[in-house]
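Next up, entry-v2.cif (mmCIF, C-alpha atoms and all ligand atoms):
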data_query
loop_
_atom_site.label_atom_id
_atom_site.label_comp_id
_atom_site.auth_asym_id
_atom_site.auth_seq_id
_atom_site.Cartn_x
_atom_site.Cartn_y
_atom_site.Cartn_z
CA MET A 1 3.03 -28.66 23.37
CA SER A 2 2.84 -25.73 20.96
CA LEU A 3 2.98 -22.26 22.42
CA GLN A 4 0.41 -19.55 21.75
CA ALA A 5 1.25 -15.83 21.42
CA VAL A 6 -1.41 -14.27 23.64
CA ILE A 7 -2.03 -10.52 23.59
CA ARG A 8 -1.97 -9.39 27.24
CA SER A 9 -2.59 -5.67 26.71
CA VAL A 10 -2.88 -2.96 24.10
CA SER A 11 -2.54 0.78 24.47
CA HIS A 12 -2.09 3.89 22.40
CA TYR A 13 -0.79 7.42 22.58
CA VAL A 14 -1.46 10.31 20.22
CA PRO A 15 -0.11 13.87 20.35
CA THR A 16 -2.45 16.45 21.88
CA ARG A 17 -2.34 18.79 18.85
CA ARG A 18 -5.56 18.37 16.84
CA VAL A 19 -5.43 19.49 13.21
CA THR A 20 -8.85 19.74 11.59
CA ASN A 21 -9.66 19.77 7.88
CA ASP A 22 -10.48 23.47 8.25
CA ASP A 23 -7.01 24.07 9.72
CA LEU A 24 -5.46 22.46 6.61
CA SER A 25 -7.66 24.50 4.28
CA LYS A 26 -5.92 27.61 5.66
CA LEU A 27 -2.57 26.21 4.44
CA MET A 28 -3.59 24.80 1.03
CA GLU A 29 -6.42 24.67 -1.49
CA THR A 30 -8.56 21.98 0.05
CA SER A 31 -11.83 21.74 1.96
CA ASP A 32 -13.48 19.82 4.76
CA GLU A 33 -16.04 18.66 2.19
CA TRP A 34 -13.41 17.16 -0.19
CA ILE A 35 -11.45 15.42 2.56
CA THR A 36 -14.55 14.05 4.32
CA GLU A 37 -16.18 12.77 1.11
CA ARG A 38 -13.04 11.14 -0.33
CA THR A 39 -11.51 9.74 2.86
CA GLY A 40 -13.80 10.05 5.91
CA ILE A 41 -11.12 12.01 7.79
CA LYS A 42 -12.25 14.97 9.91
CA GLU A 43 -9.10 15.60 11.93
CA ARG A 44 -5.68 14.13 12.72
CA ARG A 45 -2.99 14.65 15.37
CA PHE A 46 0.38 16.30 14.66
CA ILE A 47 3.32 16.38 17.09
CA GLU A 48 3.41 19.53 19.21
CA SER A 49 7.09 20.34 18.55
CA ASP A 50 10.27 19.02 16.91
CA ALA A 51 11.31 17.63 20.30
CA VAL A 52 8.68 14.89 19.90
CA THR A 53 9.94 11.92 17.89
CA THR A 54 8.70 8.48 16.92
CA SER A 55 10.41 6.93 19.95
CA THR A 56 8.75 9.53 22.21
CA LEU A 57 5.29 8.46 21.01
CA GLY A 58 6.30 4.80 21.02
CA GLU A 59 7.60 5.02 24.56
CA ALA A 60 4.39 6.65 25.81
CA ALA A 61 2.23 3.92 24.22
CA ALA A 62 4.61 1.20 25.43
CA ARG A 63 4.62 2.39 29.05
CA LYS A 64 0.80 2.35 29.09
CA ALA A 65 0.70 -1.16 27.59
CA LEU A 66 3.27 -2.44 30.10
CA GLU A 67 1.31 -0.92 32.98
CA LYS A 68 -1.93 -2.55 31.78
CA ALA A 69 -0.16 -5.93 31.55
CA GLY A 70 1.40 -5.42 34.98
CA TRP A 71 4.87 -5.97 33.50
CA ALA A 72 8.07 -4.14 34.41
CA PRO A 73 10.32 -3.24 31.42
CA GLU A 74 13.02 -5.56 32.86
CA GLU A 75 10.70 -8.55 32.33
CA LEU A 76 10.68 -8.09 28.54
CA ASP A 77 12.81 -10.34 26.39
CA LEU A 78 12.11 -8.91 22.92
CA ILE A 79 11.15 -5.54 21.44
CA VAL A 80 9.72 -5.34 17.92
CA VAL A 81 9.01 -1.92 16.43
CA ALA A 82 7.14 -1.21 13.20
CA THR A 83 7.66 2.24 11.69
CA LEU A 84 8.40 4.01 8.41
CA SER A 85 9.43 7.17 10.25
CA PRO A 86 12.34 6.25 12.54
CA ASP A 87 14.03 8.89 14.69
CA LEU A 88 17.35 8.22 12.92
CA TYR A 89 18.43 6.82 9.53
CA PHE A 90 20.08 4.20 11.75
CA PRO A 91 19.96 2.64 14.31
CA GLY A 92 16.30 1.66 14.54
CA VAL A 93 13.67 2.72 17.06
CA GLY A 94 13.79 -0.71 18.77
CA VAL A 95 17.14 -0.02 20.41
CA LEU A 96 16.09 3.51 21.36
CA LEU A 97 13.11 2.02 23.21
CA GLN A 98 15.31 -0.64 24.83
CA GLN A 99 17.34 2.20 26.34
CA ARG A 100 14.45 4.60 27.08
CA LEU A 101 12.37 1.94 28.82
CA GLY A 102 15.34 0.61 30.79
CA CYS A 103 15.12 -2.97 29.50
CA ARG A 104 17.82 -5.61 29.86
CA THR A 105 20.11 -6.06 26.83
CA ILE A 106 17.37 -7.95 25.01
CA PRO A 107 17.04 -8.20 21.22
CA ALA A 108 15.34 -5.24 19.55
CA LEU A 109 14.45 -5.01 15.89
CA ASP A 110 12.61 -2.73 13.47
CA ILE A 111 10.19 -3.86 10.79
CA ARG A 112 9.77 -1.82 7.63
CA ALA A 113 6.45 -2.88 6.21
CA GLN A 114 4.80 0.56 6.29
CA CYS A 115 1.01 0.37 6.76
CA SER A 116 1.31 -3.42 7.16
CA GLY A 117 3.69 -2.98 10.12
CA LEU A 118 1.32 -4.32 12.76
CA VAL A 119 0.30 -7.42 10.79
CA TYR A 120 3.91 -8.21 9.88
CA GLY A 121 4.87 -7.48 13.50
CA LEU A 122 2.34 -9.88 14.98
CA SER A 123 3.41 -12.60 12.56
CA CYS A 124 7.06 -12.02 13.49
CA VAL A 125 6.25 -12.12 17.22
CA ASP A 126 4.29 -15.35 16.69
CA GLY A 127 7.42 -16.86 15.10
CA PHE A 128 9.59 -15.88 18.08
CA VAL A 129 7.03 -17.43 20.42
CA LYS A 130 6.56 -20.66 18.47
CA SER A 131 10.36 -21.12 18.19
CA ARG A 132 10.67 -20.51 21.96
CA GLN A 133 13.02 -17.55 21.54
CA ALA A 134 10.98 -15.07 23.60
CA LYS A 135 8.28 -15.20 26.27
CA LYS A 136 7.41 -11.59 27.03
CA ILE A 137 7.35 -9.34 24.00
CA LEU A 138 6.63 -5.67 23.36
CA LEU A 139 5.35 -4.74 19.90
CA VAL A 140 5.31 -1.01 19.23
CA CYS A 141 3.94 0.68 16.11
CA ALA A 142 4.73 4.39 16.01
CA GLU A 143 4.88 7.13 13.40
CA VAL A 144 5.77 10.81 13.20
CA GLN A 145 4.81 11.75 9.65
CA SER A 146 3.69 15.37 9.82
CA PRO A 147 7.21 16.91 9.42
CA VAL A 148 7.72 15.33 5.97
CA LEU A 149 4.33 16.26 4.53
CA ASP A 150 4.20 19.02 1.94
CA LEU A 151 1.61 21.25 3.62
CA THR A 152 1.04 23.33 0.48
CA THR A 153 -1.40 22.92 -2.41
CA ARG A 154 1.31 21.01 -4.32
CA GLY A 155 1.27 18.26 -1.69
CA ARG A 156 -2.42 18.36 -0.77
CA ASP A 157 -3.24 14.91 -2.15
CA MET A 158 -0.96 13.35 0.52
CA ALA A 159 -0.90 16.01 3.24
CA VAL A 160 -4.55 15.69 4.18
CA LEU A 161 -4.32 11.92 4.71
CA PHE A 162 -1.67 11.34 7.35
CA GLY A 163 -1.26 11.85 11.08
CA ASP A 164 1.07 11.03 13.97
CA GLY A 165 0.46 8.43 16.68
CA ALA A 166 1.49 5.18 18.32
CA GLY A 167 0.10 1.91 19.58
CA ALA A 168 1.72 -0.85 21.63
CA LEU A 169 0.93 -4.43 22.56
CA THR A 170 2.36 -6.81 25.13
CA ILE A 171 2.35 -10.41 23.98
CA GLU A 172 3.14 -13.48 26.06
CA ALA A 173 4.05 -17.05 25.14
CA VAL A 174 1.63 -19.39 26.91
CA ASP A 175 0.87 -23.08 26.58
CA GLU A 176 -2.49 -22.89 28.26
CA VAL A 177 -5.93 -23.63 26.86
CA ASP A 178 -8.29 -21.07 28.35
CA GLY A 179 -11.15 -22.66 30.28
CA ALA A 180 -12.44 -26.20 29.88
CA GLY A 181 -12.12 -26.98 26.21
CA ALA A 182 -12.49 -23.33 25.20
CA ALA A 183 -10.73 -22.15 22.05
CA LYS A 184 -7.06 -21.31 22.45
CA ARG A 185 -6.33 -17.62 22.92
CA GLY A 186 -3.64 -15.87 20.93
CA ILE A 187 -2.50 -15.47 17.34
CA ILE A 188 -4.16 -18.26 15.36
CA ASP A 189 -2.80 -17.51 11.91
CA SER A 190 -1.21 -14.78 9.82
CA PHE A 191 -1.13 -14.18 6.08
CA LEU A 192 1.42 -11.81 4.53
CA GLY A 193 2.23 -10.68 1.00
CA SER A 194 4.26 -8.20 -1.01
CA ASP A 195 4.59 -6.94 -4.57
CA GLY A 196 7.59 -4.68 -5.15
CA SER A 197 6.34 -3.71 -8.61
CA GLY A 198 4.30 -1.16 -6.65
CA ALA A 199 7.31 0.32 -4.84
CA GLU A 200 7.22 3.64 -6.67
CA VAL A 201 3.44 3.95 -6.66
CA LEU A 202 3.62 4.97 -2.98
CA CYS A 203 7.03 6.06 -1.74
CA MET A 204 9.30 8.72 -0.36
CA LYS A 205 12.56 8.77 -2.34
CA LEU A 206 14.83 10.65 0.02
CA PRO A 207 16.84 10.04 2.07
CA GLY A 208 17.92 6.83 0.35
CA THR A 209 20.96 5.19 -1.25
CA ALA A 210 19.26 4.93 -4.66
CA ARG A 211 20.19 8.59 -4.99
CA PRO A 212 23.79 8.84 -3.81
CA GLY A 213 25.10 11.82 -1.92
CA PHE A 214 23.45 14.22 0.44
CA ILE A 215 20.08 15.77 -0.19
CA LYS A 216 20.52 18.73 -2.51
CA ALA A 217 18.54 21.97 -2.57
CA SER A 218 17.20 20.93 -6.02
CA ASP A 219 15.83 17.68 -4.48
CA ILE A 220 13.90 19.71 -1.94
CA GLU A 221 12.63 21.99 -4.73
CA ALA A 222 11.53 18.92 -6.72
CA GLY A 223 9.61 17.60 -3.70
CA LEU A 224 11.65 14.35 -3.45
CA VAL A 225 11.72 14.67 0.33
CA HIS A 226 7.94 14.27 0.57
CA PRO A 227 5.85 11.08 0.21
CA LYS A 228 4.17 10.59 -3.18
CA MET A 229 1.29 8.34 -4.23
CA ASP A 230 -0.84 7.40 -7.20
CA GLY A 231 -3.95 7.23 -5.04
CA LYS A 232 -6.25 5.46 -7.49
CA VAL A 233 -3.79 2.61 -8.16
CA VAL A 234 -3.20 2.15 -4.42
CA PHE A 235 -6.94 2.24 -3.73
CA LYS A 236 -7.74 -0.56 -6.21
CA ASN A 237 -4.85 -2.75 -5.03
CA ALA A 238 -5.83 -2.15 -1.39
CA VAL A 239 -9.40 -3.41 -1.85
CA THR A 240 -8.22 -6.47 -3.80
CA ARG A 241 -5.45 -7.46 -1.37
CA LEU A 242 -7.47 -6.79 1.79
CA LEU A 243 -10.23 -9.07 0.52
CA GLU A 244 -7.71 -11.70 -0.62
CA THR A 245 -6.20 -11.64 2.86
CA ALA A 246 -9.58 -11.91 4.60
CA HIS A 247 -10.78 -14.78 2.39
CA THR A 248 -7.47 -16.67 2.73
CA LEU A 249 -7.34 -16.44 6.51
CA LEU A 250 -11.01 -17.29 6.96
CA LYS A 251 -10.98 -20.21 4.53
CA ARG A 252 -7.85 -21.92 5.77
CA ASN A 253 -9.04 -21.69 9.38
CA GLY A 254 -12.58 -22.86 8.65
CA VAL A 255 -14.10 -19.57 9.81
CA SER A 256 -16.95 -17.64 8.17
CA PRO A 257 -17.08 -13.81 8.23
CA GLY A 258 -20.02 -14.05 10.63
CA ASP A 259 -17.83 -15.87 13.19
CA VAL A 260 -15.49 -12.88 13.44
CA SER A 261 -16.36 -10.62 16.39
CA LEU A 262 -14.48 -7.61 15.05
CA VAL A 263 -12.58 -6.80 11.86
CA VAL A 264 -9.88 -4.19 12.47
CA PRO A 265 -8.63 -2.87 9.14
CA HIS A 266 -5.83 -0.41 8.42
CA GLN A 267 -7.17 3.15 8.34
CA ALA A 268 -6.24 4.60 4.94
CA ASN A 269 -9.67 5.46 3.59
CA LEU A 270 -13.16 4.92 5.00
CA ARG A 271 -14.38 4.07 1.48
CA ILE A 272 -11.86 1.21 1.22
CA ASN A 273 -12.99 -0.23 4.56
CA GLU A 274 -16.65 0.19 3.62
CA MET A 275 -16.11 -1.77 0.38
CA VAL A 276 -14.36 -4.55 2.31
CA ARG A 277 -17.16 -4.62 4.91
CA GLN A 278 -19.86 -4.85 2.24
CA GLU A 279 -18.02 -7.58 0.36
CA LEU A 280 -17.69 -9.60 3.59
CA LYS A 281 -21.40 -8.90 4.27
CA LEU A 282 -20.72 -7.62 7.79
CA PRO A 283 -22.84 -5.09 9.72
CA PRO A 284 -21.11 -1.74 10.46
CA GLU A 285 -20.58 -2.57 14.16
CA ARG A 286 -18.36 -5.54 13.21
CA VAL A 287 -15.74 -3.32 11.57
CA PHE A 288 -13.77 -0.83 13.67
CA ASN A 289 -12.89 2.56 12.19
CA ASN A 290 -11.43 5.71 13.75
CA ILE A 291 -9.84 7.34 10.68
CA GLN A 292 -12.29 10.20 11.24
CA ARG A 293 -10.25 11.32 14.29
CA TYR A 294 -6.67 10.30 13.48
CA GLY A 295 -6.27 10.06 9.69
CA ASN A 296 -3.78 7.49 8.48
CA THR A 297 -1.11 6.85 11.13
CA THR A 298 0.46 4.10 8.96
CA ALA A 299 1.81 1.25 11.17
CA ALA A 300 -0.02 2.67 14.20
CA THR A 301 -3.58 2.58 12.84
CA ILE A 302 -4.49 -0.99 13.81
CA PRO A 303 -3.07 -0.95 17.36
CA ILE A 304 -4.76 2.41 18.01
CA CYS A 305 -8.04 0.85 16.80
CA LEU A 306 -7.50 -2.26 18.95
CA SER A 307 -6.79 -0.09 21.99
CA GLU A 308 -9.91 2.03 21.48
CA ALA A 309 -12.02 -1.06 20.75
CA VAL A 310 -11.01 -2.51 24.13
CA GLU A 311 -11.67 0.83 25.89
CA GLU A 312 -15.12 1.04 24.28
CA GLY A 313 -16.00 -2.53 25.23
CA ARG A 314 -16.21 -3.60 21.57
CA LEU A 315 -13.36 -6.10 21.99
CA LYS A 316 -13.35 -8.57 24.88
CA GLN A 317 -11.39 -11.60 25.94
CA GLY A 318 -12.37 -14.61 23.85
CA ASP A 319 -13.48 -12.55 20.82
CA LEU A 320 -12.23 -13.54 17.37
CA VAL A 321 -10.44 -10.59 15.71
CA LEU A 322 -9.34 -10.21 12.12
CA THR A 323 -6.75 -7.54 11.31
CA LEU A 324 -6.27 -6.47 7.69
CA ALA A 325 -3.64 -4.14 6.23
CA PHE A 326 -2.34 -2.87 2.91
CA GLY A 327 0.33 -0.28 2.26
CA ALA A 328 3.46 0.95 0.59
CA GLY A 329 5.68 -1.70 -0.93
CA PHE A 330 3.17 -2.96 -1.78
CA THR A 331 2.83 -4.99 1.39
CA TRP A 332 -0.32 -6.50 2.83
CA GLY A 333 -1.59 -9.12 5.22
CA GLY A 334 -3.66 -9.90 8.26
CA ASN A 335 -3.87 -11.86 11.49
CA LEU A 336 -6.61 -14.00 12.95
CA VAL A 337 -6.44 -13.62 16.72
CA ARG A 338 -8.46 -15.05 19.61
CA TRP A 339 -8.36 -12.05 21.98
O1 LIG B 1 -1.94 3.79 3.72
C1 LIG B 1 -1.43 3.33 2.52
C2 LIG B 1 -2.50 2.98 1.61
N1 LIG B 1 -3.13 4.17 1.09
C3 LIG B 1 -4.30 4.08 0.52
O2 LIG B 1 -4.88 3.02 0.50
C4 LIG B 1 -4.87 5.32 -0.14
C5 LIG B 1 -5.61 4.93 -1.39
N2 LIG B 1 -6.12 6.06 -2.19
C6 LIG B 1 -7.08 6.88 -1.74
O3 LIG B 1 -7.53 6.78 -0.61
C7 LIG B 1 -7.65 7.91 -2.70
O4 LIG B 1 -7.17 7.65 -4.01
C8 LIG B 1 -7.31 9.37 -2.30
C9 LIG B 1 -8.10 9.78 -1.07
C10 LIG B 1 -5.84 9.51 -2.03
C11 LIG B 1 -7.69 10.34 -3.43
O5 LIG B 1 -9.05 10.19 -3.77
P1 LIG B 1 -9.49 10.07 -5.31
O6 LIG B 1 -10.95 9.97 -5.33
O7 LIG B 1 -8.71 8.94 -5.92
O8 LIG B 1 -9.07 11.48 -5.88
P2 LIG B 1 -8.01 11.85 -7.04
O9 LIG B 1 -6.62 11.61 -6.58
O10 LIG B 1 -8.44 11.22 -8.30
O11 LIG B 1 -8.23 13.41 -7.17
C12 LIG B 1 -9.46 13.93 -7.63
C13 LIG B 1 -9.32 15.43 -7.73
C14 LIG B 1 -8.10 15.89 -8.54
O12 LIG B 1 -8.50 17.03 -9.26
P3 LIG B 1 -8.88 16.91 -10.84
O13 LIG B 1 -7.65 16.37 -11.50
O14 LIG B 1 -10.04 15.94 -10.90
O15 LIG B 1 -9.23 18.30 -11.20
C15 LIG B 1 -7.12 16.29 -7.49
O16 LIG B 1 -6.23 17.30 -7.91
O17 LIG B 1 -9.16 15.99 -6.42
C16 LIG B 1 -8.00 16.85 -6.40
N3 LIG B 1 -7.42 16.78 -5.08
C17 LIG B 1 -7.82 17.54 -4.05
N4 LIG B 1 -8.75 18.51 -3.97
C18 LIG B 1 -8.94 19.09 -2.78
C19 LIG B 1 -6.44 15.95 -4.63
N5 LIG B 1 -6.21 16.18 -3.32
C20 LIG B 1 -7.05 17.16 -2.94
C21 LIG B 1 -7.28 17.83 -1.73
N6 LIG B 1 -8.23 18.78 -1.68
N7 LIG B 1 -6.61 17.53 -0.60
#
Can you turn what I pasted into structure tokens?
Ligand code: UT7
Amino acid sequence: MSLQAVIRSVSHYVPTRRVTNDDLSKLMETSDEWITERTGIKERRFIESDAVTTSTLGEAAARKALEKAGWAPEELDLIVVATLSPDLYFPGVGVLLQQRLGCRTIPALDIRAQCSGLVYGLSCVDGFVKSRQAKKILLVCAEVQSPVLDLTTRGRDMAVLFGDGAGALTIEAVDEVDGAGAAKRGIIDSFLGSDGSGAEVLCMKLPGTARPGFIKASDIEAGLVHPKMDGKVVFKNAVTRLLETAHTLLKRNGVSPGDVSLVVPHQANLRINEMVRQELKLPPERVFNNIQRYGNTTAATIPICLSEAVEEGRLKQGDLVLTLAFGAGFTWGGNLVRW
């Protein structure tokens, strides 16, 4: 019998420090009006101090998810972490969480798929489940991005977009069919893609081995230590790939957009998500957005949305969920999940 990867719980954690658009306009030439109109963002969260790292946020989200599932850390047999902002150049955040949570010496790995981290992560977890390599899995998506933003007018195009935060899911391998003849719960299908020709359209060049040696003062002057993006190119590719992902997953599973209880897209720009919603002909309540309050938390956006959707009663057991993501790489993809 084939195993299903069933999501047992989802949780999130964001730093307490709220940074509004007006706060940013005191640091750079920008305005609440520009940011709201172009992106939908009103505020984001930044870490309170340098002592807070990606694994700190990840651990907080993970502990809440484990508690909701009723699992002790020792029960886990795999940790998967998605992040573009690890605590260290190496090793990854997965092993830091293995130690911080007090897990057994289970496998722990990091995924580098940027804003597509959650959708790549769920697909990876599904593979571990289907190949019977893991039964109880923790998937953590966490980012601390504020320290590398250029919070001056020079970096305003990127600085106003991003925030810090984390989400975590517990996923269990089960071979049950819920109820009498009811649809199977769990990850039904995933679709992933990449196009490295877009690597430099959205990237942060340093630190990296493409530029040998240590970071030099001139690199800092040149802004190579901050993320850079050609926003318009990314925007167009995002809409195209998100729709391609949605249509592919729906078609090959014989599902129409109307059958989906909730679409949970990556939170990069409210206008992108609105275009996707209109193209799929869905009413606003069928698409979950919270970019207004958190900005773009990269890998963490979708699990934070899922967690809030559950808390708000907009996502219940048995619902059909479609996740959609696009980000640096380019990478993109989605998952069709029976919650
Ligand atoms: O998560 C990964 C995936 N990321 C995305 O999907 C993001 C995709 N891209 C976008 O969301 C949008 O392209 C942005 C929100 C990043 C930018 O919006 P836009 O409508 O494409 O604006 P733009 O970059 O064309 O900039 C328009 C103007 C420029 O001024 P000029 O040249 O027209 O005089 C910018 O200098 O807005 C200026 N500008 C700003 N003004 C005030 C850029 N950033 C700011 C700012 N405040 N923060």
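Atom CA of Leu262 of chain A lies 7.8 Å from atom CA of Arg314 of chain A.
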Any idea what's packed within 12 Å of Arg293 of chain A, counting all atoms listed in the file, ignoring anything in its chain fewer than 5 positions away? Could you give it as a PyMOL selection string? chain A and resi 14+17-21+36+39-46+161-165+267+270+301+304-305+308
Write out as a PyMOL selection string each polymer residue whose atoms come within 9 Å of segment 25-27 of chain A, counting all atoms listed in the file; drop sequence neighbours fewer than 5 positions from it. chain A and resi 20+32+151-153
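Distances to Ser197 of chain A were evaluated for A:Leu324, A:Val233, A:Val160, A:Ile215 using all atoms listed in the file, and the minimum falls at A:Val233.
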Quick one: 3 Å padding each side, axis-aligned, all listed atoms of ligand LIG 1 (chain B) - centre and edge lengths in Å to one decimal, as AutoDock Vina command-line options?
--center_x -6.2 --center_y 11.0 --center_z -3.9 --size_x 15.5 --size_y 22.1 --size_z 21.2
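For the pair atom CA of Tyr120 of chain A and atom CA of Arg252 of chain A, the separation is 18.5 Å.
Proximity to Thr323 of chain A was assessed for A:Ser256, A:Ile220, A:Leu192, A:Glu311 counting all atoms listed in the file; the smallest distance is recorded for A:Leu192.
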State, in Å with one decimal place, the distance from atom CA of Leu306 of chain A to atom CA of Gly58 of chain A. 15.6 Å
